[in-house]
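For reference, the structure discussed in these notes is given below.
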Amino acid sequence: MGKIGYSKNLQGVSLHVPDIPRRILIASVIVALYSVGFYYCFQTAGEPFRLYEEAKANRTAAMFKERREKGTSSLNATDTDDEAVLVPSWWAPNAWAGAAMFLIITSHVLFHLMCHWKVWFRALTTFKATDEMREGVFVQAV
């Protein structure tokens, strides 16, 4: 890269041009991550509720069996658990799918925030260095 004259108060100056293929690659990776995350969430939607319903049915069957062994054949309304139970939503995805989507969204947001906060990060990820000064060239002064 060519030498650029600059003030002694600066550590360095570099020239950059937008790198469209790199930006397309980053956007493609983000879109692919979102598609995998959404697919995983949609495929596991309702799984926690289904597991809760199965556990509830097994618990009820066990209570019937226990009552039958004792000689009582039915359950009264007072025989169920009195403690409040948080029932998962019928549309809620698997916990791992939710965690994956959280990580994808957080990574996406942090990428954009890093581009906003750190000029060197934006220059590294969305620009490429150049030697020539022309129209459309960005100057990074450190």
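In the structure tokens, chains take letters A, B, ... by order of appearance, with residues numbered from 1 within each chain and ligands from 1 in the order shown.
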
Next on the checklist: Please list as a list in words every residue within 8 Å of range 91-103 of chain A, counting only C-alpha atoms and excluding residues in the same chain fewer than 3 positions away.
Outcome noted: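 Answer for this query is Tyr34, Gly37, Phe38, Tyr40, Cys41, Phe42, Gln43, Thr44, Ala45, Gly46, Glu47, Pro48, Phe49, Pro88, Thr106 and Ser107 of chain A.
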
Could you pull out the residues in chain A that DSSP calls strand (DSSP E) from the backbone, as a PDB file with N, CA, C and O atoms, in the first residue's frame?
```pdb
ATOM      1  N   VAL A  13      -2.912   6.606   8.817  1.00  0.00           N
ATOM      2  CA  VAL A  13      -4.022   6.917   7.924  1.00  0.00           C
ATOM      3  C   VAL A  13      -4.095   5.797   6.906  1.00  0.00           C
ATOM      4  O   VAL A  13      -3.075   5.344   6.383  1.00  0.00           O
ATOM      5  N   SER A  14      -5.317   5.327   6.622  1.00  0.00           N
ATOM      6  CA  SER A  14      -5.485   4.290   5.611  1.00  0.00           C
ATOM      7  C   SER A  14      -6.686   4.620   4.737  1.00  0.00           C
ATOM      8  O   SER A  14      -7.617   5.296   5.168  1.00  0.00           O
ATOM      9  N   LEU A  15      -6.633   4.164   3.510  1.00  0.00           N
ATOM     10  CA  LEU A  15      -7.701   4.391   2.544  1.00  0.00           C
ATOM     11  C   LEU A  15      -8.492   3.097   2.366  1.00  0.00           C
ATOM     12  O   LEU A  15      -7.919   2.010   2.294  1.00  0.00           O
ATOM     13  N   HIS A  16      -9.802   3.244   2.265  1.00  0.00           N
ATOM     14  CA  HIS A  16     -10.679   2.075   2.140  1.00  0.00           C
ATOM     15  C   HIS A  16     -11.777   2.340   1.122  1.00  0.00           C
ATOM     16  O   HIS A  16     -12.280   3.458   1.020  1.00  0.00           O
ATOM     17  N   VAL A  17     -12.154   1.302   0.412  1.00  0.00           N
ATOM     18  CA  VAL A  17     -13.307   1.343  -0.497  1.00  0.00           C
ATOM     19  C   VAL A  17     -14.301   0.277  -0.045  1.00  0.00           C
ATOM     20  O   VAL A  17     -13.907  -0.740   0.526  1.00  0.00           O
ATOM     21  N   PRO A  18     -15.592   0.532  -0.283  1.00  0.00           N
ATOM     22  CA  PRO A  18     -16.589  -0.479   0.111  1.00  0.00           C
ATOM     23  C   PRO A  18     -16.321  -1.806  -0.588  1.00  0.00           C
ATOM     24  O   PRO A  18     -16.018  -1.851  -1.770  1.00  0.00           O
ATOM     25  N   PHE A 127     -15.133  -3.013   4.439  1.00  0.00           N
ATOM     26  CA  PHE A 127     -14.317  -2.274   3.478  1.00  0.00           C
ATOM     27  C   PHE A 127     -13.056  -3.061   3.147  1.00  0.00           C
ATOM     28  O   PHE A 127     -12.682  -3.971   3.876  1.00  0.00           O
ATOM     29  N   LYS A 128     -12.409  -2.674   2.062  1.00  0.00           N
ATOM     30  CA  LYS A 128     -11.100  -3.243   1.742  1.00  0.00           C
ATOM     31  C   LYS A 128     -10.130  -2.089   1.507  1.00  0.00           C
ATOM     32  O   LYS A 128     -10.522  -1.007   1.048  1.00  0.00           O
ATOM     33  N   ALA A 129      -8.883  -2.333   1.831  1.00  0.00           N
ATOM     34  CA  ALA A 129      -7.861  -1.291   1.713  1.00  0.00           C
ATOM     35  C   ALA A 129      -7.533  -1.035   0.243  1.00  0.00           C
ATOM     36  O   ALA A 129      -7.632  -1.928  -0.602  1.00  0.00           O
ATOM     37  N   THR A 130      -7.150   0.200  -0.031  1.00  0.00           N
ATOM     38  CA  THR A 130      -6.758   0.577  -1.381  1.00  0.00           C
ATOM     39  C   THR A 130      -5.548   1.511  -1.310  1.00  0.00           C
ATOM     40  O   THR A 130      -5.251   2.080  -0.262  1.00  0.00           O
ATOM     41  N   PHE A 138     -12.849   6.075   1.318  1.00  0.00           N
ATOM     42  CA  PHE A 138     -12.976   6.518   2.701  1.00  0.00           C
ATOM     43  C   PHE A 138     -11.603   6.557   3.342  1.00  0.00           C
ATOM     44  O   PHE A 138     -10.775   5.676   3.105  1.00  0.00           O
ATOM     45  N   VAL A 139     -11.372   7.566   4.187  1.00  0.00           N
ATOM     46  CA  VAL A 139     -10.090   7.725   4.881  1.00  0.00           C
ATOM     47  C   VAL A 139     -10.307   7.396   6.345  1.00  0.00           C
ATOM     48  O   VAL A 139     -11.184   7.938   6.984  1.00  0.00           O
ATOM     49  N   GLN A 140      -9.479   6.490   6.859  1.00  0.00           N
ATOM     50  CA  GLN A 140      -9.503   6.150   8.271  1.00  0.00           C
ATOM     51  C   GLN A 140      -8.265   6.742   8.911  1.00  0.00           C
ATOM     52  O   GLN A 140      -7.137   6.365   8.592  1.00  0.00           O
ATOM     53  N   ALA A 141      -8.484   7.674   9.835  1.00  0.00           N
ATOM     54  CA  ALA A 141      -7.357   8.306  10.520  1.00  0.00           C
ATOM     55  C   ALA A 141      -7.371   7.844  11.979  1.00  0.00           C
ATOM     56  O   ALA A 141      -8.380   7.957  12.660  1.00  0.00           O
TER      57      ALA A 141
END
```

Next on the checklist: According to DSSP computed on the backbone, where in chain A is there helix (DSSP H, G or I)? Give the residues as a PyMOL selection string.
Outcome noted: chain A and resi 20-43+47-70+77-79+95-117+119-126

Checklist entry - Looking at A:Arg50, A:His112, A:Lys8, A:Arg22, which one is nearest to Trp90 in chain A, with distances taken over only C-alpha atoms? => result A:Arg50

Checklist entry - Of the residues A:Asn9, A:Lys65, A:Lys56, A:Val142, which is the one nearest to Trp120 in chain A, using only C-alpha atoms? => result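 Of the candidates, the smallest distance to Trp120 in chain A is held by A:Val142.
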
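One finds CA of Met133 in chain A at 26.5 Å from CA of Met114 in chain A.
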
Item to check | Atom pair CA of Val119 in chain A / CA of Val29 in chain A: separation (Å) | outcome: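 Separation between CA of Val119 in chain A and CA of Val29 in chain A: 21.7 Å.
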
Item to check | For Thr126 in chain A, the nearest of the candidates A:Phe111, A:Phe64, A:Tyr52, A:Tyr39, counting only C-alpha atoms | outcome: A:Phe111

Next on the checklist: Could you tell me how far CA of Asp19 in chain A sits from CA of Phe121 in chain A, in Å to one decimal place?
Outcome noted: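 Separating CA of Phe121 in chain A from CA of Asp19 in chain A is a distance of 13.6 Å.
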